[in-house]
>>> print(open('structure_8.cif').read())   # mmCIF, C-alpha atoms
data_model
loop_
_atom_site.label_atom_id
_atom_site.label_comp_id
_atom_site.auth_asym_id
_atom_site.auth_seq_id
_atom_site.Cartn_x
_atom_site.Cartn_y
_atom_site.Cartn_z
CA ASN A 1 0.00 0.00 0.00
CA GLY A 2 3.03 2.27 -0.06
CA ASN A 3 3.01 2.80 3.73
CA GLU A 4 5.28 -0.14 4.56
CA THR A 5 8.39 0.53 6.60
CA PRO A 6 11.58 -1.23 5.50
CA LEU A 7 11.03 -3.85 8.21
CA ASP A 8 7.47 -4.46 6.95
CA VAL A 9 8.89 -5.06 3.47
CA VAL A 10 11.42 -7.52 4.92
CA ASP A 11 8.61 -9.34 6.74
CA LEU A 12 6.52 -9.46 3.55
CA PHE A 13 9.49 -10.86 1.63
CA LEU A 14 10.20 -13.48 4.31
CA ASP A 15 6.50 -14.46 4.35
CA GLU A 16 6.65 -14.95 0.57
CA VAL A 17 9.84 -17.03 0.79
CA GLU A 18 8.32 -19.13 3.55
CA GLU A 19 5.30 -19.89 1.36
CA THR A 20 7.53 -20.62 -1.63
CA LEU A 21 9.63 -23.09 0.35
CA ASP A 22 6.57 -25.26 0.81
CA ALA A 23 5.92 -25.58 -2.92
CA ALA A 24 8.89 -24.73 -5.09
CA SER A 25 12.61 -24.54 -5.52
CA ILE A 26 14.52 -21.39 -4.65
CA GLY A 27 16.13 -19.17 -7.26
CA THR A 28 19.09 -16.85 -7.07
CA LEU A 29 17.10 -13.71 -6.26
CA ALA A 30 15.53 -15.27 -3.16
CA MET A 31 18.83 -16.86 -2.08
CA ALA A 32 20.67 -13.55 -2.49
CA ALA A 33 18.11 -11.76 -0.35
CA LEU A 34 18.17 -14.47 2.31
CA VAL A 35 21.96 -14.37 2.47
CA VAL A 36 21.93 -10.60 2.95
CA LEU A 37 19.08 -10.77 5.49
CA ALA A 38 20.72 -13.63 7.42
CA ASP A 39 23.45 -11.22 8.44
CA ARG A 40 21.15 -8.24 9.05
CA GLU A 41 17.88 -9.75 10.34
CA PRO A 42 18.88 -13.24 11.49
CA GLY A 43 15.78 -14.05 13.57
CA ARG A 44 13.58 -15.25 10.70
CA ALA A 45 16.04 -15.19 7.81
CA VAL A 46 18.55 -17.75 9.12
CA PRO A 47 16.02 -20.60 9.53
CA LEU A 48 14.59 -19.82 6.08
CA LEU A 49 18.09 -19.71 4.58
CA ASP A 50 18.85 -23.10 6.14
CA GLN A 51 15.63 -24.49 4.63
CA ALA A 52 16.24 -22.85 1.25
CA VAL A 53 19.65 -24.50 0.85
CA GLY A 54 17.92 -27.83 0.37
CA ARG A 55 15.63 -26.39 -2.31
CA VAL A 56 18.10 -24.67 -4.61
CA ARG A 57 18.10 -25.24 -8.35
CA PRO A 58 20.76 -24.50 -10.94
CA ALA A 59 20.42 -20.85 -11.91
CA VAL A 60 22.53 -17.88 -12.87
CA GLY A 61 24.52 -16.89 -9.78
CA MET A 62 23.47 -19.82 -7.58
CA THR A 63 27.08 -20.91 -7.01
CA VAL A 64 27.87 -17.39 -5.82
CA ALA A 65 24.75 -17.31 -3.61
CA LEU A 66 25.64 -20.65 -2.01
CA SER A 67 29.24 -19.52 -1.49
CA ARG A 68 27.95 -16.45 0.37
CA ALA A 69 25.52 -18.64 2.34
CA TRP A 70 28.46 -20.87 3.32
CA ALA A 71 30.46 -17.86 4.54
CA SER A 72 27.46 -16.59 6.50
CA ALA A 73 26.89 -20.00 8.12
CA TRP A 74 30.57 -20.40 8.91
CA ALA A 75 30.64 -16.95 10.56
CA ARG A 76 27.67 -18.00 12.73
CA ALA A 77 29.39 -21.32 13.56
CA ALA A 78 26.41 -23.10 11.97
CA ASP A 79 26.47 -26.44 10.18
CA ILE A 80 27.99 -25.91 6.73
CA ALA A 81 27.59 -29.52 5.52
CA PRO A 82 24.16 -28.97 3.85
CA ILE A 83 25.48 -25.91 2.03
CA GLU A 84 28.57 -27.78 0.87
CA SER A 85 26.34 -30.59 -0.40
CA ALA A 86 24.11 -28.15 -2.33
CA LEU A 87 27.18 -26.38 -3.70
CA ARG A 88 28.70 -29.67 -4.92
CA MET A 89 25.40 -30.53 -6.62
CA ILE A 90 25.18 -27.15 -8.38
CA VAL A 91 28.85 -27.28 -9.45
CA ALA A 92 28.40 -30.82 -10.79
CA MET A 93 25.35 -29.73 -12.79
CA ALA A 94 27.08 -26.70 -14.35
CA PRO A 95 27.03 -27.03 -18.13
CA ALA A 96 30.36 -26.95 -19.92
CA GLY A 97 31.23 -23.49 -21.18
CA GLY A 98 29.47 -20.28 -20.33
CA LEU A 99 29.26 -18.38 -17.09
CA ALA A 100 27.89 -21.27 -15.04
CA SER A 101 31.07 -23.15 -15.84
CA LEU A 102 33.14 -20.15 -14.70
CA GLU A 103 31.23 -20.03 -11.40
CA ALA A 104 32.21 -23.66 -10.88
CA ALA A 105 35.81 -23.06 -12.02
CA VAL A 106 36.42 -20.36 -9.40
CA LEU A 107 35.57 -22.91 -6.70
CA THR A 108 37.45 -25.84 -8.23
CA PRO A 109 41.11 -26.15 -7.23
CA GLY A 110 43.32 -25.93 -10.31
CA ARG A 111 40.71 -24.15 -12.45
CA GLU A 112 40.86 -20.66 -10.91
CA ASP A 113 43.24 -19.34 -13.60
CA GLU A 114 40.82 -20.50 -16.31
CA ALA A 115 38.07 -18.42 -14.70
CA VAL A 116 40.32 -15.37 -14.31
CA GLN A 117 41.38 -15.48 -17.97
CA ALA A 118 37.83 -15.98 -19.26
CA LEU A 119 36.38 -13.22 -17.06
CA THR A 120 39.17 -10.83 -18.06
CA ALA A 121 38.45 -11.49 -21.73
CA MET A 122 34.72 -11.13 -21.14
CA VAL A 123 34.99 -7.65 -19.64
CA GLY A 124 37.61 -6.47 -22.10
CA GLY A 125 40.54 -6.69 -19.72
CA GLY A 126 39.79 -3.22 -18.43
CA LEU A 127 40.42 -1.60 -21.79
CA PRO A 128 38.14 1.25 -22.83
CA GLY A 129 35.37 0.63 -25.32
CA ALA A 130 32.61 -1.92 -25.67
CA GLN A 131 33.28 -5.61 -25.20
CA LEU A 132 32.71 -7.84 -28.18
CA PRO A 133 30.51 -9.73 -28.31
CA ARG A 134 28.23 -7.43 -26.32
CA ARG A 135 27.09 -9.04 -23.07
CA SER A 136 23.75 -8.58 -21.36
CA ASP A 137 23.61 -6.73 -18.06
CA VAL A 138 22.76 -10.01 -16.30
CA GLU A 139 25.86 -11.68 -17.78
CA LEU A 140 28.03 -8.74 -16.73
CA ALA A 141 26.55 -8.75 -13.22
CA GLN A 142 27.22 -12.48 -13.04
CA ALA A 143 30.83 -11.82 -14.03
CA VAL A 144 31.10 -9.25 -11.21
CA ALA A 145 29.66 -11.77 -8.73
CA ILE A 146 31.98 -14.55 -9.91
CA GLY A 147 34.96 -12.22 -9.70
CA SER A 148 34.12 -11.45 -6.07
CA LEU A 149 34.83 -15.10 -5.22
CA ILE A 150 38.38 -15.14 -6.57
CA PRO A 151 40.44 -15.87 -3.46
CA PHE A 152 43.90 -14.78 -4.55
CA GLU A 153 45.69 -11.69 -5.76
CA SER A 154 48.00 -11.42 -8.73
CA GLU A 155 48.60 -8.68 -11.25
CA THR A 156 46.11 -10.34 -13.60
CA VAL A 157 43.50 -10.57 -10.83
CA LYS A 158 44.06 -6.93 -9.87
CA LEU A 159 43.47 -5.92 -13.51
CA LEU A 160 40.34 -8.07 -13.62
CA LYS A 161 38.98 -6.64 -10.36
CA ARG A 162 39.51 -3.07 -11.59
CA ALA A 163 37.60 -3.92 -14.77
CA LEU A 164 34.84 -5.61 -12.74
CA ASP A 165 34.60 -2.54 -10.48
CA ASP A 166 34.01 -0.44 -13.61
CA VAL A 167 31.34 -2.86 -14.82
CA SER A 168 29.69 -2.88 -11.39
CA ALA A 169 29.62 0.92 -11.31
CA ARG A 170 27.90 0.99 -14.72
CA LEU A 171 25.28 -1.54 -13.57
CA ARG A 172 24.38 0.02 -10.21
CA SER A 173 21.43 1.95 -11.64
CA SER A 174 19.85 -1.20 -13.07
CA THR A 175 16.37 -2.16 -11.93
CA ASP A 176 16.60 -5.72 -13.30
CA PRO A 177 16.06 -8.00 -10.26
CA GLN A 178 18.71 -10.48 -11.43
CA VAL A 179 21.29 -7.73 -11.85
CA VAL A 180 20.45 -6.29 -8.42
CA ALA A 181 20.70 -9.75 -6.78
CA LEU A 182 24.01 -10.56 -8.43
CA LEU A 183 25.52 -7.20 -7.49
CA ALA A 184 24.30 -7.69 -3.90
CA LEU A 185 26.06 -11.06 -3.81
CA ALA A 186 29.23 -9.50 -5.17
CA ARG A 187 29.47 -7.01 -2.31
CA THR A 188 32.37 -7.83 -0.05
CA ASP A 189 32.61 -4.59 1.92
CA ASP A 190 30.05 -5.24 4.61
#
>>> encode(input="structure_8.cif", output="structure tokens")
Amino acid sequence: NGNETPLDVVDLFLDEVEETLDAASIGTLAMAALVVLADREPGRAVPLLDQAVGRVRPAVGMTVALSRAWASAWARAADIAPIESALRMIVAMAPAGGLASLEAAVLTPGREDEAVQALTAMVGGGLPGAQLPRRSDVELAQAVAIGSLIPFESETVKLLKRALDDVSARLRSSTDPQVVALLALARTDD
């Protein structure tokens, strides 16, 4: 009705997720929101996040969402085994090639360099001008989210992260729910 306070909106969202958990699988947008809310409003969000982990489906950004859920659970000293199981399932189901494969590569020992090289090429290596082929905003936001998981620093990674920061800045005004969710998952500063 337009008179909701931010907390009312959170409660409405959590009510909707709770209803969805009874009937359907959970997508990236809902997982991203639950991960963020688990750290900010843990009372209701943490139990729903724990439930949602068992209902995930392969989707753009799900590997990133589960990685963030794992970090959140680990920080709370919660059981991470269900999240690791869901993450293994999603990684195993990732199709060869494409961004889903890069999400899996970042988390697979020995394949991190492959992901760094592919992401760097995808965003033009930080060079000015448009990337070819042109990528959708969702693909670019997914690249930003994947890049946020890269656990090591090198000159190549620093170049990539600068390029991803530029991409993220360009996408911040997007109203596409997938773009917003992926950029929220990519945040590492809070």
>>> closest_residue(input="structure_8.cif", among="A:Ile26, A:Val17, A:Ala86, A:Leu164", to="A:Ala45", atoms="all atoms listed in the file")
A:Val17
>>> residues_around(input="structure_8.cif", residues="stretch 69-82 of chain A", least_positions_apart="6", cutoff="12 Å", atoms="only C-alpha atoms", output="PyMOL selection string")
chain A and resi 28+30-40+42+45-56+62-63+88-89+149+185+188+190
>>> atom_distance(input="structure_8.cif", atom1="atom CA of A:Ala121", atom2="atom CA of A:Leu171")
18.4 Å
>>> residues_around(input="structure_8.cif", residues="A:Leu183", least_positions_apart="2", cutoff="12 Å", atoms="all atoms listed in the file", output="ChimeraX atom specification")
/A:28-29,32-33,36,61,64-65,137-148,164-165,167-181,185-188
>>> resolve_selection(input="structure_8.cif", expression="the PyMOL selection byres ((chain A and resi 103) around 8)", output="PyMOL selection string")
chain A and resi 61+63-64+91+99-102+104-107+115+146
>>> atom_distance(input="structure_8.cif", atom1="atom CA of A:Gly43", atom2="atom CA of A:Ile83")
19.2 Å
>>> atom_distance(input="structure_8.cif", atom1="atom CA of A:Ile150", atom2="atom CA of A:Glu112")
7.4 Å
>>> closest_residue(input="structure_8.cif", among="A:Val9, A:Val123, A:Leu87, A:Ala59", to="A:Lys161", atoms="only C-alpha atoms")
A:Val123
>>> closest_residue(input="structure_8.cif", among="A:Thr20, A:Thr156, A:Ser85, A:Ser25", to="A:Thr120", atoms="only C-alpha atoms")
A:Thr156
>>> closest_residue(input="structure_8.cif", among="A:Glu16, A:Arg134, A:Met122, A:Gln117", to="A:Val157", atoms="all atoms listed in the file")
A:Gln117
>>> closest_residue(input="structure_8.cif", among="A:Ala24, A:Leu160, A:Arg44, A:Glu19", to="A:Gly124", atoms="all atoms listed in the file")
A:Leu160
>>> closest_residue(input="structure_8.cif", among="A:Pro95, A:Ile90, A:Glu153, A:Ser136", to="A:Val116", atoms="only C-alpha atoms")
A:Glu153
>>> build_atoms(input="structure_8.cif", residues="stretch 71-82 of chain A", atoms="all heavy atoms", output="mmCIF file, keeping the file's coordinate frame")
data_model
loop_
_atom_site.group_PDB
_atom_site.id
_atom_site.type_symbol
_atom_site.label_atom_id
_atom_site.label_comp_id
_atom_site.auth_asym_id
_atom_site.auth_seq_id
_atom_site.Cartn_x
_atom_site.Cartn_y
_atom_site.Cartn_z
ATOM 1 N N ALA A 71 29.687 -18.809 3.724
ATOM 2 C CA ALA A 71 30.460 -17.860 4.540
ATOM 3 C C ALA A 71 29.624 -17.344 5.708
ATOM 4 O O ALA A 71 30.123 -17.212 6.830
ATOM 5 C CB ALA A 71 30.954 -16.706 3.670
ATOM 6 N N SER A 72 28.351 -17.071 5.450
ATOM 7 C CA SER A 72 27.460 -16.590 6.500
ATOM 8 C C SER A 72 27.278 -17.664 7.581
ATOM 9 O O SER A 72 27.340 -17.376 8.778
ATOM 10 C CB SER A 72 26.108 -16.205 5.896
ATOM 11 O OG SER A 72 25.198 -15.826 6.890
ATOM 12 N N ALA A 73 27.062 -18.901 7.166
ATOM 13 C CA ALA A 73 26.890 -20.000 8.120
ATOM 14 C C ALA A 73 28.180 -20.237 8.912
ATOM 15 O O ALA A 73 28.143 -20.443 10.133
ATOM 16 C CB ALA A 73 26.482 -21.278 7.384
ATOM 17 N N TRP A 74 29.289 -20.204 8.236
ATOM 18 C CA TRP A 74 30.570 -20.400 8.910
ATOM 19 C C TRP A 74 30.798 -19.315 9.956
ATOM 20 O O TRP A 74 31.226 -19.592 11.072
ATOM 21 C CB TRP A 74 31.707 -20.408 7.870
ATOM 22 C CG TRP A 74 33.042 -20.707 8.456
ATOM 23 C CD1 TRP A 74 33.554 -21.933 8.762
ATOM 24 C CD2 TRP A 74 34.038 -19.751 8.815
ATOM 25 N NE1 TRP A 74 34.812 -21.790 9.280
ATOM 26 C CE2 TRP A 74 35.128 -20.469 9.329
ATOM 27 C CE3 TRP A 74 34.108 -18.361 8.754
ATOM 28 C CZ2 TRP A 74 36.288 -19.832 9.782
ATOM 29 C CZ3 TRP A 74 35.265 -17.732 9.199
ATOM 30 C CH2 TRP A 74 36.332 -18.467 9.703
ATOM 31 N N ALA A 75 30.473 -18.063 9.626
ATOM 32 C CA ALA A 75 30.640 -16.950 10.560
ATOM 33 C C ALA A 75 29.733 -17.107 11.788
ATOM 34 O O ALA A 75 30.080 -16.646 12.880
ATOM 35 C CB ALA A 75 30.349 -15.617 9.865
ATOM 36 N N ARG A 76 28.582 -17.757 11.611
ATOM 37 C CA ARG A 76 27.670 -18.000 12.730
ATOM 38 C C ARG A 76 27.974 -19.309 13.447
ATOM 39 O O ARG A 76 27.257 -19.706 14.361
ATOM 40 C CB ARG A 76 26.219 -18.071 12.224
ATOM 41 C CG ARG A 76 25.653 -16.807 11.660
ATOM 42 C CD ARG A 76 24.144 -16.927 11.360
ATOM 43 N NE ARG A 76 23.710 -18.178 10.765
ATOM 44 C CZ ARG A 76 23.705 -18.449 9.460
ATOM 45 N NH1 ARG A 76 24.127 -17.547 8.609
ATOM 46 N NH2 ARG A 76 23.280 -19.605 9.002
ATOM 47 N N ALA A 77 29.019 -20.007 13.017
ATOM 48 C CA ALA A 77 29.390 -21.320 13.560
ATOM 49 C C ALA A 77 28.248 -22.327 13.377
ATOM 50 O O ALA A 77 28.038 -23.218 14.189
ATOM 51 C CB ALA A 77 29.811 -21.218 15.035
ATOM 52 N N ALA A 78 27.516 -22.187 12.289
ATOM 53 C CA ALA A 78 26.410 -23.100 11.970
ATOM 54 C C ALA A 78 26.941 -24.268 11.142
ATOM 55 O O ALA A 78 28.062 -24.232 10.631
ATOM 56 C CB ALA A 78 25.330 -22.343 11.194
ATOM 57 N N ASP A 79 26.110 -25.262 10.978
ATOM 58 C CA ASP A 79 26.470 -26.440 10.180
ATOM 59 C C ASP A 79 26.593 -26.056 8.711
ATOM 60 O O ASP A 79 25.624 -25.575 8.113
ATOM 61 C CB ASP A 79 25.391 -27.512 10.361
ATOM 62 C CG ASP A 79 25.718 -28.825 9.649
ATOM 63 O OD1 ASP A 79 26.873 -29.005 9.204
ATOM 64 O OD2 ASP A 79 24.800 -29.664 9.554
ATOM 65 N N ILE A 80 27.769 -26.272 8.136
ATOM 66 C CA ILE A 80 27.990 -25.910 6.730
ATOM 67 C C ILE A 80 27.830 -27.112 5.794
ATOM 68 O O ILE A 80 27.815 -26.939 4.582
ATOM 69 C CB ILE A 80 29.369 -25.254 6.522
ATOM 70 C CG1 ILE A 80 30.481 -26.177 6.997
ATOM 71 C CG2 ILE A 80 29.430 -23.889 7.196
ATOM 72 C CD1 ILE A 80 31.875 -25.695 6.683
ATOM 73 N N ALA A 81 27.676 -28.309 6.346
ATOM 74 C CA ALA A 81 27.590 -29.520 5.520
ATOM 75 C C ALA A 81 26.443 -29.454 4.494
ATOM 76 O O ALA A 81 26.660 -29.797 3.322
ATOM 77 C CB ALA A 81 27.473 -30.765 6.386
ATOM 78 N N PRO A 82 25.225 -29.030 4.863
ATOM 79 C CA PRO A 82 24.160 -28.970 3.850
ATOM 80 C C PRO A 82 24.478 -27.989 2.717
ATOM 81 O O PRO A 82 24.142 -28.242 1.564
ATOM 82 C CB PRO A 82 22.927 -28.510 4.630
ATOM 83 C CG PRO A 82 23.219 -28.811 6.062
ATOM 84 C CD PRO A 82 24.712 -28.714 6.205
#
